[in-house]
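Enquirer: The file below is final_14.txt, compact mmCIF, C-alpha atoms:
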# COMPACT_ATOMS: atom_id res chain seq x y z
CA MET A 1307 0.00 0.00 0.00
CA SER A 1308 1.41 3.42 -0.93
CA ALA A 1309 2.18 6.10 1.62
CA SER A 1310 -0.39 8.42 0.08
CA ALA A 1311 -3.07 5.77 0.34
CA ALA A 1312 -2.11 5.00 3.89
CA GLY A 1313 -2.30 8.62 4.86
CA SER A 1314 -5.61 9.32 3.18
CA SER A 1315 -8.47 10.24 5.47
CA SER A 1316 -11.11 8.89 3.07
CA SER A 1317 -12.88 5.94 4.59
CA HIS A 1318 -12.83 4.02 1.33
CA ASN A 1319 -9.01 4.11 1.35
CA LEU A 1320 -8.69 2.96 4.94
CA PRO A 1321 -7.22 -0.50 5.43
CA ALA A 1322 -9.84 -3.18 5.99
CA THR A 1323 -8.60 -4.18 9.42
CA GLY A 1324 -11.63 -3.91 11.69
CA GLY A 1325 -10.67 -7.05 13.61
CA GLU A 1326 -8.67 -10.16 12.86
CA TRP A 1327 -8.93 -10.87 9.18
CA PRO A 1328 -8.40 -14.10 7.27
CA GLY A 1329 -4.69 -14.30 6.68
CA SER A 1330 -3.95 -13.37 10.29
CA ALA A 1331 -2.33 -15.95 12.55
CA ARG A 1332 -5.66 -16.99 14.07
CA PHE A 1333 -7.36 -17.61 10.75
CA ALA A 1334 -4.27 -19.37 9.43
CA GLY A 1335 -4.57 -21.65 12.45
CA VAL A 1336 -8.17 -22.46 11.53
CA MET A 1337 -7.17 -23.31 7.97
CA SER A 1338 -4.20 -25.38 9.19
CA ARG A 1339 -6.65 -27.79 10.86
CA LEU A 1340 -8.38 -28.43 7.53
CA GLY A 1341 -5.58 -30.35 5.85
CA PRO A 1342 -6.56 -32.50 2.86
CA ALA A 1343 -5.33 -35.79 4.34
CA LYS A 1344 -7.44 -35.21 7.48
CA LEU A 1345 -10.52 -34.36 5.45
CA ALA A 1346 -10.19 -37.37 3.16
CA ALA A 1347 -9.90 -39.58 6.26
CA ALA A 1348 -12.91 -37.79 7.79
CA GLY A 1349 -14.90 -38.62 4.65
CA ILE A 1350 -14.19 -42.31 5.22
CA LEU A 1351 -15.23 -42.09 8.87
CA ILE A 1352 -18.47 -40.26 8.07
CA TYR A 1353 -19.32 -42.81 5.42
CA LEU A 1354 -18.75 -45.73 7.80
CA VAL A 1355 -20.93 -44.13 10.50
CA VAL A 1356 -23.76 -43.46 8.03
CA PHE A 1357 -23.51 -46.97 6.60
CA LEU A 1358 -23.68 -48.57 10.05
CA LEU A 1359 -26.82 -46.54 10.84
CA ALA A 1360 -28.43 -47.01 7.42
CA PRO A 1361 -31.46 -49.35 7.18
CA VAL A 1362 -29.99 -51.12 4.15
CA ARG A 1363 -28.20 -54.33 3.28
CA ILE A 1364 -25.69 -55.01 0.52
CA ALA A 1365 -27.18 -56.72 -2.53
CA VAL A 1366 -24.07 -57.32 -4.67
CA PRO A 1367 -21.06 -59.60 -4.11
CA PHE A 1368 -17.98 -58.20 -2.41
CA SER A 1369 -15.28 -57.30 -4.96
CA THR A 1370 -11.75 -57.87 -3.72
CA GLY A 1371 -10.24 -56.06 -6.71
CA ALA A 1372 -12.47 -53.01 -6.23
CA PHE A 1373 -11.71 -52.92 -2.51
CA TRP A 1374 -7.97 -52.86 -3.10
CA TYR A 1375 -8.38 -50.26 -5.85
CA LEU A 1376 -10.08 -47.96 -3.32
CA VAL A 1377 -7.37 -48.63 -0.74
CA VAL A 1378 -4.56 -47.90 -3.21
CA CYS A 1379 -6.28 -44.72 -4.40
CA TYR A 1380 -6.58 -43.38 -0.87
CA LEU A 1381 -2.96 -44.28 -0.10
CA MET A 1382 -1.81 -42.53 -3.27
CA PHE A 1383 -3.84 -39.45 -2.35
CA PHE A 1384 -2.18 -39.34 1.08
CA ALA A 1385 1.21 -39.90 -0.59
CA GLY A 1386 0.58 -36.98 -2.96
CA CYS A 1387 -0.25 -34.73 -0.02
CA SER A 1388 2.89 -35.84 1.83
CA PHE A 1389 5.09 -35.48 -1.25
CA LEU A 1390 4.26 -31.81 -1.63
CA GLN A 1391 5.19 -31.20 2.02
CA LEU A 1392 8.79 -32.12 1.10
CA LEU A 1393 9.01 -29.31 -1.48
CA PRO A 1394 9.78 -25.62 -0.81
CA VAL A 1395 6.73 -23.45 -0.19
CA SER A 1396 6.28 -20.25 -2.22
CA LEU A 1397 5.14 -17.42 0.02
CA VAL A 1398 3.19 -14.65 -1.67
CA SER A 1399 3.04 -11.15 -0.21
CA PHE A 1400 -0.14 -9.15 -0.77
CA ARG A 1401 -0.82 -5.46 -0.62
CA GLU A 1402 -2.89 -4.38 2.32
CA ARG A 1403 -6.57 -4.68 1.52
CA THR A 1404 -8.48 -1.41 1.59
CA ASN A 1405 -12.20 -0.80 1.64
CA TRP A 1406 -11.87 0.75 -1.82
CA SER A 1407 -9.96 -2.18 -3.32
CA ILE A 1408 -12.42 -4.73 -1.94
CA ASP A 1409 -15.38 -2.70 -3.22
CA ARG A 1410 -13.82 -2.65 -6.68
CA LEU A 1411 -13.21 -6.40 -6.58
CA PHE A 1412 -16.80 -6.93 -5.43
CA ASN A 1413 -18.11 -4.94 -8.40
CA VAL A 1414 -15.97 -6.94 -10.83
CA VAL A 1415 -17.04 -10.33 -9.42
CA LEU A 1416 -20.70 -9.21 -9.26
CA GLY A 1417 -20.56 -8.09 -12.88
CA VAL A 1418 -19.13 -11.44 -13.99
CA ALA A 1419 -21.76 -13.33 -11.96
CA LEU A 1420 -24.66 -11.28 -13.37
CA LEU A 1421 -23.36 -11.85 -16.89
CA GLY A 1422 -23.16 -15.59 -16.16
CA ILE A 1423 -26.74 -15.59 -14.81
CA ALA A 1424 -28.01 -13.69 -17.84
CA LEU A 1425 -26.29 -16.08 -20.25
CA ARG A 1426 -27.62 -19.08 -18.34
CA LEU A 1427 -31.18 -17.73 -18.62
CA ILE A 1428 -30.71 -17.08 -22.33
CA ASP A 1429 -29.38 -20.60 -22.85
CA ARG A 1430 -32.10 -22.24 -20.78
CA PHE A 1431 -35.15 -20.37 -22.10
CA LEU A 1432 -34.15 -19.11 -25.55
CA PHE A 1433 -31.85 -21.81 -26.93
CA ARG A 1434 -33.27 -24.84 -25.11
CA GLY A 1435 -36.89 -23.72 -24.79
CA LEU A 1436 -37.22 -24.54 -21.10
CA ASP A 1437 -40.88 -24.56 -20.07
CA LEU A 1438 -41.67 -24.20 -16.37
CA SER A 1439 -45.23 -25.45 -16.85
CA VAL A 1440 -44.12 -29.04 -17.60
CA ASP A 1441 -42.87 -31.59 -15.10
CA VAL A 1442 -39.24 -31.93 -14.08
CA LEU A 1443 -38.51 -34.90 -16.36
CA GLU A 1444 -39.63 -32.97 -19.42
CA ARG A 1445 -37.54 -29.99 -18.34
CA ARG A 1446 -34.50 -32.23 -18.00
CA ALA A 1447 -35.15 -33.65 -21.47
CA MET A 1448 -35.44 -30.14 -22.96
CA VAL A 1449 -32.03 -29.23 -21.58
CA ALA A 1450 -30.36 -32.53 -22.48
CA THR A 1451 -31.60 -32.85 -26.07
CA VAL A 1452 -30.11 -29.54 -27.25
CA GLY A 1453 -26.38 -29.65 -27.94
CA THR A 1454 -23.67 -27.33 -26.67
CA ASN A 1455 -23.65 -23.75 -27.97
CA PRO A 1456 -21.30 -20.79 -27.41
CA VAL A 1457 -23.67 -19.14 -24.93
CA ALA A 1458 -23.86 -22.33 -22.87
CA MET A 1459 -20.06 -22.68 -22.90
CA VAL A 1460 -19.46 -19.14 -21.63
CA SER A 1461 -22.27 -19.28 -19.07
CA ALA A 1462 -20.92 -22.56 -17.67
CA ILE A 1463 -17.65 -20.79 -16.75
CA LEU A 1464 -19.17 -17.53 -15.52
CA PHE A 1465 -22.26 -18.84 -13.71
CA PRO A 1466 -20.35 -20.28 -10.70
CA PHE A 1467 -19.06 -16.75 -9.96
CA SER A 1468 -22.46 -16.46 -8.26
CA TYR A 1469 -20.89 -18.26 -5.30
CA LEU A 1470 -18.03 -15.76 -5.15
CA VAL A 1471 -20.11 -12.60 -4.77
CA LEU A 1472 -20.87 -13.55 -1.17
CA PHE A 1473 -17.24 -14.51 -0.53
CA VAL A 1474 -15.95 -11.10 -1.67
CA HIS A 1475 -18.66 -9.34 0.33
CA LEU A 1476 -17.43 -11.17 3.43
CA LEU A 1477 -13.89 -9.94 2.73
CA ARG A 1478 -15.08 -6.51 3.82
CA ASP A 1479 -14.36 -5.12 7.24
CA PRO A 1480 -17.00 -6.68 9.55
CA ALA A 1481 -18.15 -3.18 10.49
CA ARG A 1482 -18.99 -2.49 6.81
CA ARG A 1483 -20.99 -5.64 6.12
CA ARG A 1484 -24.44 -4.14 5.70
CA ARG A 1485 -27.52 -6.34 5.76
CA GLY A 1486 -28.78 -5.25 2.34
CA PRO A 1487 -25.62 -6.18 0.38
CA PHE A 1488 -25.35 -9.39 2.42
CA LEU A 1489 -28.88 -10.49 1.51
CA PHE A 1490 -28.33 -9.50 -2.12
CA SER A 1491 -25.10 -11.52 -2.19
CA LEU A 1492 -26.95 -14.44 -0.62
CA LEU A 1493 -29.63 -14.23 -3.33
CA ILE A 1494 -26.97 -14.37 -6.04
CA PHE A 1495 -25.27 -17.26 -4.20
CA PHE A 1496 -28.41 -19.40 -4.49
CA MET A 1497 -28.79 -18.97 -8.25
CA PRO A 1498 -26.95 -22.25 -9.07
CA ALA A 1499 -29.11 -24.13 -6.58
CA ALA A 1500 -32.25 -22.60 -8.13
CA ASP A 1501 -31.05 -23.66 -11.58
CA GLY A 1502 -30.45 -27.20 -10.32
CA PHE A 1503 -33.83 -27.22 -8.57
CA LEU A 1504 -35.61 -26.51 -11.87
CA LEU A 1505 -34.05 -29.67 -13.29
CA GLY A 1506 -34.55 -31.82 -10.21
CA SER A 1507 -30.85 -31.93 -9.33
CA ARG A 1508 -29.88 -32.31 -5.69
CA SER A 1509 -26.10 -32.42 -5.98
CA VAL A 1510 -25.82 -28.71 -6.87
CA ALA A 1511 -27.98 -27.80 -3.86
CA VAL A 1512 -25.86 -29.97 -1.53
CA VAL A 1513 -22.63 -28.40 -2.79
CA GLY A 1514 -24.09 -24.91 -2.43
CA ALA A 1515 -25.29 -25.55 1.13
CA LEU A 1516 -21.90 -26.89 2.23
CA LEU A 1517 -20.04 -24.07 0.51
CA LEU A 1518 -22.26 -21.52 2.25
CA PHE A 1519 -21.62 -23.19 5.60
CA LEU A 1520 -17.85 -23.09 5.06
CA PHE A 1521 -17.92 -19.42 4.04
CA LEU A 1522 -20.01 -18.39 7.04
CA VAL A 1523 -17.91 -20.34 9.53
CA TYR A 1524 -14.60 -19.19 8.04
CA PHE A 1525 -15.57 -15.53 8.27
CA GLU A 1526 -17.16 -16.12 11.70
CA VAL A 1527 -20.59 -14.99 10.58
CA VAL A 1528 -21.63 -18.23 12.22
CA LYS A 1529 -19.52 -19.41 15.14
CA PRO A 1530 -19.33 -23.04 16.27
CA ARG A 1531 -21.56 -22.66 19.31
CA TRP A 1532 -24.10 -25.21 20.39
CA ARG A 1533 -27.10 -23.27 19.12
CA HIS A 1534 -25.41 -22.86 15.74
CA ILE A 1535 -24.49 -26.54 15.64
CA LEU A 1536 -28.10 -27.45 16.47
CA LEU A 1537 -29.37 -25.03 13.82
CA SER A 1538 -26.97 -26.55 11.27
CA ILE A 1539 -28.25 -30.04 12.10
CA LEU A 1540 -31.85 -28.89 11.69
CA ILE A 1541 -31.03 -27.24 8.39
CA GLY A 1542 -29.28 -30.42 7.28
CA LEU A 1543 -32.34 -32.50 8.17
CA ALA A 1544 -34.53 -30.02 6.33
CA GLY A 1545 -32.20 -30.42 3.36
CA LEU A 1546 -32.65 -34.19 3.49
CA GLY A 1547 -36.39 -33.66 3.53
CA LEU A 1548 -36.13 -31.34 0.54
CA GLY A 1549 -34.03 -33.91 -1.28
CA GLY A 1550 -36.65 -36.57 -0.57
CA TRP A 1551 -39.37 -34.23 -1.78
CA ILE A 1552 -37.50 -33.52 -5.04
CA PHE A 1553 -37.13 -37.27 -5.57
CA ALA A 1554 -40.83 -37.78 -4.82
CA VAL A 1555 -41.70 -35.14 -7.43
CA ARG A 1556 -39.59 -37.00 -9.98
CA LEU A 1557 -41.34 -40.25 -9.05
CA SER A 1558 -44.71 -38.61 -9.50
CA ALA A 1559 -43.67 -37.46 -12.98
CA MET A 1560 -42.76 -41.06 -13.80
CA GLN A 1561 -46.02 -42.31 -12.26
CA LEU A 1562 -44.19 -44.54 -9.79
CA SER A 1563 -45.09 -45.20 -6.17
CA ILE A 1564 -42.65 -44.37 -3.40
CA LEU A 1565 -42.82 -47.85 -1.89
CA GLN A 1566 -42.06 -49.40 -5.26
CA THR A 1567 -38.96 -47.29 -5.84
CA ILE A 1568 -37.20 -48.27 -2.64
CA PHE A 1569 -36.78 -51.65 -4.35
CA ASP A 1570 -36.65 -50.64 -8.02
CA SER A 1571 -34.64 -47.40 -8.08
CA GLY A 1572 -31.08 -47.30 -9.36
CA TYR A 1573 -29.79 -46.94 -5.81
CA ALA A 1574 -31.71 -50.02 -4.62
CA TYR A 1575 -29.88 -52.30 -7.03
CA THR A 1576 -26.85 -52.49 -4.74
CA VAL A 1577 -28.32 -51.52 -1.34
CA THR A 1578 -31.81 -52.80 -0.56
CA PRO A 1579 -33.96 -51.82 2.45
CA VAL A 1580 -33.98 -54.04 5.53
CA PRO A 1581 -37.32 -55.75 6.31
CA TRP A 1582 -38.25 -53.77 9.42
CA ILE A 1583 -38.38 -50.39 7.68
CA VAL A 1584 -40.38 -51.82 4.76
CA SER A 1585 -42.84 -53.34 7.19
CA LEU A 1586 -43.19 -50.08 9.10
CA MET A 1587 -43.70 -48.06 5.93
CA SER A 1588 -46.31 -50.54 4.70
CA THR A 1589 -48.35 -50.55 7.90
CA THR A 1590 -48.15 -47.01 9.27
CA THR A 1591 -51.18 -44.76 8.88
CA SER A 1592 -49.25 -41.59 9.73
CA SER A 1593 -48.25 -39.63 6.65
CA LEU A 1594 -45.66 -37.77 8.74
CA LEU A 1595 -44.01 -41.00 9.92
CA TYR A 1596 -44.19 -42.39 6.39
CA GLY A 1597 -42.43 -39.30 5.04
CA LEU A 1598 -39.75 -39.44 7.73
CA LEU A 1599 -39.09 -43.14 7.12
CA PHE A 1600 -38.88 -42.60 3.37
CA THR A 1601 -36.47 -39.68 3.80
CA TYR A 1602 -34.31 -41.76 6.16
CA LEU A 1603 -34.26 -44.77 3.85
CA HIS A 1604 -33.88 -42.90 0.59
CA SER A 1605 -31.09 -40.66 1.95
CA SER A 1606 -29.28 -43.75 3.23
CA GLN A 1607 -29.52 -45.50 -0.13
CA TYR A 1608 -28.51 -42.30 -1.94
CA TYR A 1609 -25.43 -41.78 0.24
CA THR A 1610 -24.16 -45.34 0.67
CA HIS A 1611 -24.74 -47.04 -2.69
CA GLY A 1612 -21.67 -45.59 -4.45
CA VAL A 1613 -19.12 -47.98 -2.93
CA PHE A 1614 -21.13 -51.03 -3.90
CA GLU A 1615 -21.90 -49.63 -7.35
CA PHE A 1616 -18.14 -49.34 -7.74
CA PHE A 1617 -17.81 -53.02 -6.77
CA TYR A 1618 -20.26 -53.87 -9.54
CA LEU A 1619 -18.56 -51.52 -12.01
CA TYR A 1620 -15.12 -52.98 -11.33
CA ASP A 1621 -16.30 -56.54 -11.85
CA HIS A 1622 -18.33 -55.83 -15.02
CA PHE A 1623 -16.33 -53.21 -16.93
CA SER A 1624 -13.62 -54.37 -19.32
CA GLY A 1625 -12.94 -51.23 -21.37
CA PRO A 1626 -12.14 -49.39 -23.49
CA PHE A 1627 -11.06 -46.72 -21.04
CA GLY A 1628 -12.10 -43.11 -21.48
CA LEU A 1629 -8.64 -41.54 -21.07
CA GLY A 1630 -10.08 -38.49 -19.31
CA SER A 1631 -13.37 -38.18 -21.19
CA ASP A 1632 -15.41 -39.17 -18.12
CA LEU A 1633 -13.67 -37.03 -15.52
CA PHE A 1634 -13.30 -34.05 -17.85
CA GLY A 1635 -16.20 -34.84 -20.16
CA ASN A 1636 -17.54 -31.27 -20.33
CA TYR A 1637 -14.26 -29.94 -21.68
CA PHE A 1638 -13.83 -32.90 -24.01
CA ARG A 1639 -17.23 -32.10 -25.53
CA VAL A 1640 -16.34 -28.43 -25.95
CA VAL A 1641 -13.04 -29.27 -27.66
CA GLY A 1642 -14.80 -31.87 -29.79
CA LEU A 1643 -17.38 -29.29 -30.85
CA LEU A 1644 -14.71 -26.73 -31.74
CA PHE A 1645 -12.48 -29.10 -33.69
CA GLY A 1646 -15.09 -31.49 -35.04
CA PHE A 1647 -14.08 -34.83 -33.55
CA PRO A 1648 -16.35 -37.27 -31.72
CA VAL A 1649 -16.11 -37.75 -27.97
CA ASN A 1650 -16.84 -41.24 -26.72
CA PRO A 1651 -16.55 -41.47 -22.93
CA ALA A 1652 -16.32 -44.89 -21.35
CA GLU A 1653 -19.65 -46.27 -20.22
CA GLY A 1654 -20.05 -48.36 -17.11
CA PRO A 1655 -22.47 -51.27 -16.90
CA ARG A 1656 -25.07 -49.06 -15.17
CA VAL A 1657 -25.86 -45.39 -15.72
CA GLY A 1658 -27.45 -42.75 -13.49
CA VAL A 1659 -25.81 -43.99 -10.27
CA PHE A 1660 -22.88 -42.93 -8.11
CA THR A 1661 -19.67 -44.97 -8.15
CA THR A 1662 -17.69 -43.00 -5.53
CA PHE A 1663 -15.12 -40.45 -6.71
CA PHE A 1664 -12.99 -43.30 -8.01
CA GLY A 1665 -15.50 -44.86 -10.40
CA ASP A 1666 -14.88 -42.26 -13.11
CA VAL A 1667 -11.15 -42.49 -12.40
CA TYR A 1668 -11.28 -46.23 -13.08
CA LEU A 1669 -13.39 -45.74 -16.22
CA ASP A 1670 -10.82 -43.30 -17.56
CA PHE A 1671 -7.50 -44.83 -16.49
CA GLY A 1672 -8.01 -48.29 -14.98
CA TRP A 1673 -5.12 -49.18 -12.69
CA TRP A 1674 -3.24 -46.11 -13.88
CA GLY A 1675 -5.87 -44.12 -12.00
CA PRO A 1676 -4.02 -44.11 -8.65
CA PHE A 1677 -1.24 -42.07 -10.31
CA PHE A 1678 -3.85 -39.45 -11.22
CA ILE A 1679 -5.01 -39.52 -7.60
CA PHE A 1680 -1.40 -38.93 -6.46
CA LEU A 1681 -1.25 -35.80 -8.62
CA LEU A 1682 -4.63 -34.72 -7.30
CA GLY A 1683 -3.39 -35.06 -3.72
CA ALA A 1684 -0.32 -32.95 -4.50
CA MET A 1685 -2.43 -30.27 -6.19
CA VAL A 1686 -4.96 -30.06 -3.35
CA GLU A 1687 -2.11 -29.84 -0.84
CA LYS A 1688 -0.65 -26.94 -2.84
CA VAL A 1689 -3.96 -25.07 -2.85
CA TRP A 1690 -4.29 -25.66 0.90
CA ASN A 1691 -0.79 -24.29 1.53
CA SER A 1692 -1.68 -21.21 -0.49
CA ALA A 1693 -4.92 -20.67 1.44
CA LYS A 1694 -3.40 -21.10 4.90
CA ASN A 1695 -0.45 -18.85 4.03
CA GLY A 1696 -2.68 -15.85 3.39
CA ASN A 1697 -3.81 -16.09 -0.24
CA LEU A 1698 -7.53 -15.58 0.22
CA GLY A 1699 -8.05 -16.06 -3.49
CA SER A 1700 -7.30 -19.75 -2.93
CA VAL A 1701 -9.90 -20.21 -0.18
CA PRO A 1702 -13.01 -20.78 -2.37
CA LEU A 1703 -11.11 -23.26 -4.53
CA TYR A 1704 -9.85 -25.14 -1.49
CA PHE A 1705 -13.30 -25.18 0.11
CA TYR A 1706 -14.65 -26.78 -3.05
CA PHE A 1707 -11.95 -29.42 -2.77
CA VAL A 1708 -12.99 -29.89 0.88
CA ILE A 1709 -16.46 -30.87 -0.30
CA ILE A 1710 -15.05 -33.17 -2.99
CA MET A 1711 -12.80 -34.94 -0.45
CA LEU A 1712 -15.57 -35.43 2.10
CA PHE A 1713 -17.64 -37.07 -0.64
CA PHE A 1714 -14.87 -39.29 -2.01
CA PRO A 1715 -16.71 -42.48 -0.87
CA VAL A 1716 -20.02 -41.26 -2.29
CA VAL A 1717 -19.83 -39.45 -5.63
CA ASN A 1718 -17.41 -37.74 -7.99
CA LEU A 1719 -18.16 -34.03 -7.53
CA LEU A 1720 -15.58 -33.16 -10.15
CA SER A 1721 -17.55 -34.73 -12.99
CA ASN A 1722 -20.98 -34.30 -11.33
CA GLY A 1723 -22.80 -31.30 -9.89
CA GLN A 1724 -21.19 -28.88 -12.38
CA GLY A 1725 -17.98 -29.42 -10.39
CA LEU A 1726 -15.53 -29.01 -13.25
CA PHE A 1727 -16.97 -25.62 -14.22
CA ALA A 1728 -17.09 -24.45 -10.59
CA ILE A 1729 -13.43 -25.36 -10.12
CA THR A 1730 -12.56 -23.51 -13.33
CA SER A 1731 -14.36 -20.40 -12.08
CA PHE A 1732 -12.60 -20.60 -8.72
CA VAL A 1733 -9.21 -20.96 -10.41
CA LEU A 1734 -10.00 -17.84 -12.45
CA PHE A 1735 -10.94 -16.03 -9.24
CA GLN A 1736 -7.64 -17.11 -7.70
CA PHE A 1737 -5.80 -15.44 -10.59
CA ILE A 1738 -7.98 -12.33 -10.34
CA TYR A 1739 -7.36 -12.01 -6.61
CA SER A 1740 -3.62 -12.54 -7.02
CA TYR A 1741 -3.49 -9.88 -9.75
CA TRP A 1742 -5.51 -7.52 -7.57
CA PHE A 1743 -3.44 -7.73 -4.40
CA ARG A 1744 -0.13 -9.50 -4.97
CA GLU A 1745 3.16 -7.64 -4.49
CA ARG A 1746 6.07 -10.06 -4.74
CA VAL A 1747 7.01 -13.70 -4.35
CA THR A 1748 9.69 -15.03 -2.02
CA ALA A 1749 10.87 -18.58 -1.47
CA GLU A 1750 10.91 -20.31 1.86
CA PRO A 1751 14.02 -22.52 2.18
Taking this structure as input, can you express it in the form of structure tokens?

Expert:
Amino acid sequence: MSASAAGSSSSHNLPATGGEWPGSARFAGVMSRLGPAKLAAAGILIYLVVFLLAPVRIAVPFSTGAFWYLVVCYLMFFAGCSFLQLLPVSLVSFRERTNWSIDRLFNVVLGVALLGIALRLIDRFLFRGLDLSVDVLERRAMVATVGTNPVAMVSAILFPFSYLVLFVHLLRDPARRRRGPFLFSLLIFFMPAADGFLLGSRSVAVVGALLLFLFLVYFEVVKPRWRHILLSILIGLAGLGLGGWIFAVRLSAMQLSILQTIFDSGYAYTVTPVPWIVSLMSTTTSSLLYGLLFTYLHSSQYYTHGVFEFFYLYDHFSGPFGLGSDLFGNYFRVVGLLFGFPVNPAEGPRVGVFTTFFGDVYLDFGWWGPFFIFLLGAMVEKVWNSAKNGNLGSVPLYFYFVIIMLFFPVVNLLSNGQGLFAITSFVLFQFIYSYWFRERVTAEP
């Protein structure tokens, strides 16, 4: 920061230091407890707890090869994280943030987000003819049957900036966080979830809810007190109920009964309900209890089936491998459209189901996949080091990786839930933030 800026009496040029800011020692300490190896291990633990409490039983044979593939992938991820710890760390110095510089950054990010929203609306309603009066299955078909176009390509990259408007707002001095801009930023933040809701997608809503939680906790808008923890649990349960309701709407569009789908849905192929919950759902006369039991069962099947789908995939897929066209399918399709070559991603034996994070890795690379996971571990570790060493531009990207790692045993949130485009947007934001505030780079021996 220049001497003239530091000496200015204008409030918009004052340094944004109304308290301890992210990048201070205390916030660095918070980030230091969120290491990628710990979070990947936490994802395993959460999965095991949910599976033990789930009213389901495994309906496919145990696959020794698939089990060892998962073990090797996790070990390679941990090895990638550890490998990067042996390398020198680049420390980046940033100019002191001022109210004026943050306001300018906010306006830039907001402008990009609004452009992304506008392009998404144009693509959805003008190019794809989305009709809100039809059921969710027809809306999904309208979107899926129209190919990629330039507007869709640009909107896919810019639309996830909607998440970042709130993040930049929270960069402001806590004393300058007005309620109006906060609520407006929150409205923009929920645009991706609203877009997913129109198409009956739950993964985008789950990612958005977790990202919001991480932002609010990191900036201490919400502090980890018991009432906040209880409120978070209640919101999570409400989210499960909403997910069950979205699924029920989709079932209604397909003219299927709820009780039928707990046996016939894609998830039920590998994890079927235990007898006691089926009996209780069949005999209860309480619609409330019926809804709660369905939400409990369906959420359990939804969350736990990925591992066993991967068992089935491993034992029934023999190639050819996709060589990246499954993990990075969106970009493969864009490049194929631009240069006129066909894209043929590998197809597993069953579609429309989760196969953990590692299912798409196996479809693309087979037993070469663990080497990709090693590189992923090293990259995530690098982003984490950047975030905990004061580069706030890396925080949204790392938080997205946090969500991906916690869901390793469940689903691939890189190739699902618009994850690849969100990561691309967050990488662009990292460059924008670094350009905005960076001064010089020094090397730590």

Enquirer: At what distance in Å, to one decimal, does atom CA of A:Met1685 lie from atom CA of A:Ala1511?

Expert: 25.8 Å

Enquirer: Give the answer as one residue: which of A:Tyr1608, A:Phe1617, A:Phe1490, A:Phe1663 has the shortest atom-to-atom distance to A:Ser1369, using all atoms listed in the file?

Expert: A:Phe1617

Enquirer: Would you list the contacts of A:Pro1651 as a list in words, taking every protein, DNA or RNA residue within 9 Å and counting only C-alpha atoms, but skipping same-chain residues closer than 2 positions in sequence?

Expert: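 The filter keeps Phe1627, Gly1628, Leu1629, Gly1630, Ser1631, Asp1632, Gly1635, Val1649, Glu1653, Leu1669 and Asp1670 of chain A.
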
Enquirer: Mind checking which residues fall within 12 Å of A:Trp1374, counting only C-alpha atoms, ignoring those fewer than 5 positions away in the same chain, and posting them as a list in words?

Expert: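 Once the nearby chain positions are removed, what remains is Phe1368, Ser1369, Cys1379, Tyr1380, Leu1381, Phe1616, Phe1617, Tyr1620, Phe1664, Trp1673 and Pro1676 of chain A.
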
Enquirer: Please produce a file of the residues just selected, as a compact mmCIF listing (two decimals), keeping the file's coordinate frame, where the atoms kept are C-alpha atoms.

Expert:
# COMPACT_ATOMS: atom_id res chain seq x y z
CA PHE A 1368 -17.98 -58.20 -2.41
CA SER A 1369 -15.28 -57.30 -4.96
CA CYS A 1379 -6.28 -44.72 -4.40
CA TYR A 1380 -6.58 -43.38 -0.87
CA LEU A 1381 -2.96 -44.28 -0.10
CA PHE A 1616 -18.14 -49.34 -7.74
CA PHE A 1617 -17.81 -53.02 -6.77
CA TYR A 1620 -15.12 -52.98 -11.33
CA PHE A 1664 -12.99 -43.30 -8.01
CA TRP A 1673 -5.12 -49.18 -12.69
CA PRO A 1676 -4.02 -44.11 -8.65

Enquirer: Between atom CA of A:Pro1342 and atom CA of A:Gly1683, measure the distance and give it in Å to one decimal.

Expert: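 Here the two named atoms are 7.7 Å from each other.
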
Enquirer: Can you tell me how far atom CA of A:Leu1504 sits from atom CA of A:Leu1438, in Å to one decimal?

Expert: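 These atoms are spaced 7.9 Å apart.
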
Enquirer: A:Leu1476, A:Ala1652, A:Ala1424, A:Phe1495: which is nearest A:Phe1634, counting all atoms listed in the file?

Expert: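 With all atoms listed in the file as the atom set, the closest residue is A:Ala1652.
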
Enquirer: Counting all atoms listed in the file, which residues have an atom no more than 10 Å from (-37.2, -55.2, -3.1) in the file's coordinates? Please list them as a list in words.

Expert: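 The requested residues, written out, are Leu1565, Gln1566, Thr1567, Ile1568, Phe1569, Asp1570, Ser1571, Ala1574, Tyr1575, Val1577, Thr1578, Pro1579, Val1580, Pro1581 and Val1584 of chain A.
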
Enquirer: Using all atoms listed in the file and a cutoff of 8 Å, can you tell me which residues are near (-13.8, -12.1, -4.9) in the file's coordinates, and write them out as a tab-separated table (two decimals) with C-alpha atoms, keeping the file's coordinate frame?

Expert:
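Output contents, as saved in selection.tsv:
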chain	number	residue	atom	x	y	z
A	1411	LEU	CA	-13.21	-6.40	-6.58
A	1412	PHE	CA	-16.80	-6.93	-5.43
A	1415	VAL	CA	-17.04	-10.33	-9.42
A	1470	LEU	CA	-18.03	-15.76	-5.15
A	1471	VAL	CA	-20.11	-12.60	-4.77
A	1473	PHE	CA	-17.24	-14.51	-0.53
A	1474	VAL	CA	-15.95	-11.10	-1.67
A	1475	HIS	CA	-18.66	-9.34	0.33
A	1477	LEU	CA	-13.89	-9.94	2.73
A	1699	GLY	CA	-8.05	-16.06	-3.49
A	1735	PHE	CA	-10.94	-16.03	-9.24
A	1738	ILE	CA	-7.98	-12.33	-10.34
A	1739	TYR	CA	-7.36	-12.01	-6.61

Enquirer: Residues within 9 Å of A:Asp1409, please, as a list in words. Count all atoms listed in the file; anything in the same chain fewer than 3 positions from it doesn't count.

Expert: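 Neighbouring residues, sequence-local ones excluded: His1318, Thr1404, Asn1405, Trp1406, Phe1412, Asn1413, Val1414, Val1474, His1475 and Arg1478 of chain A.
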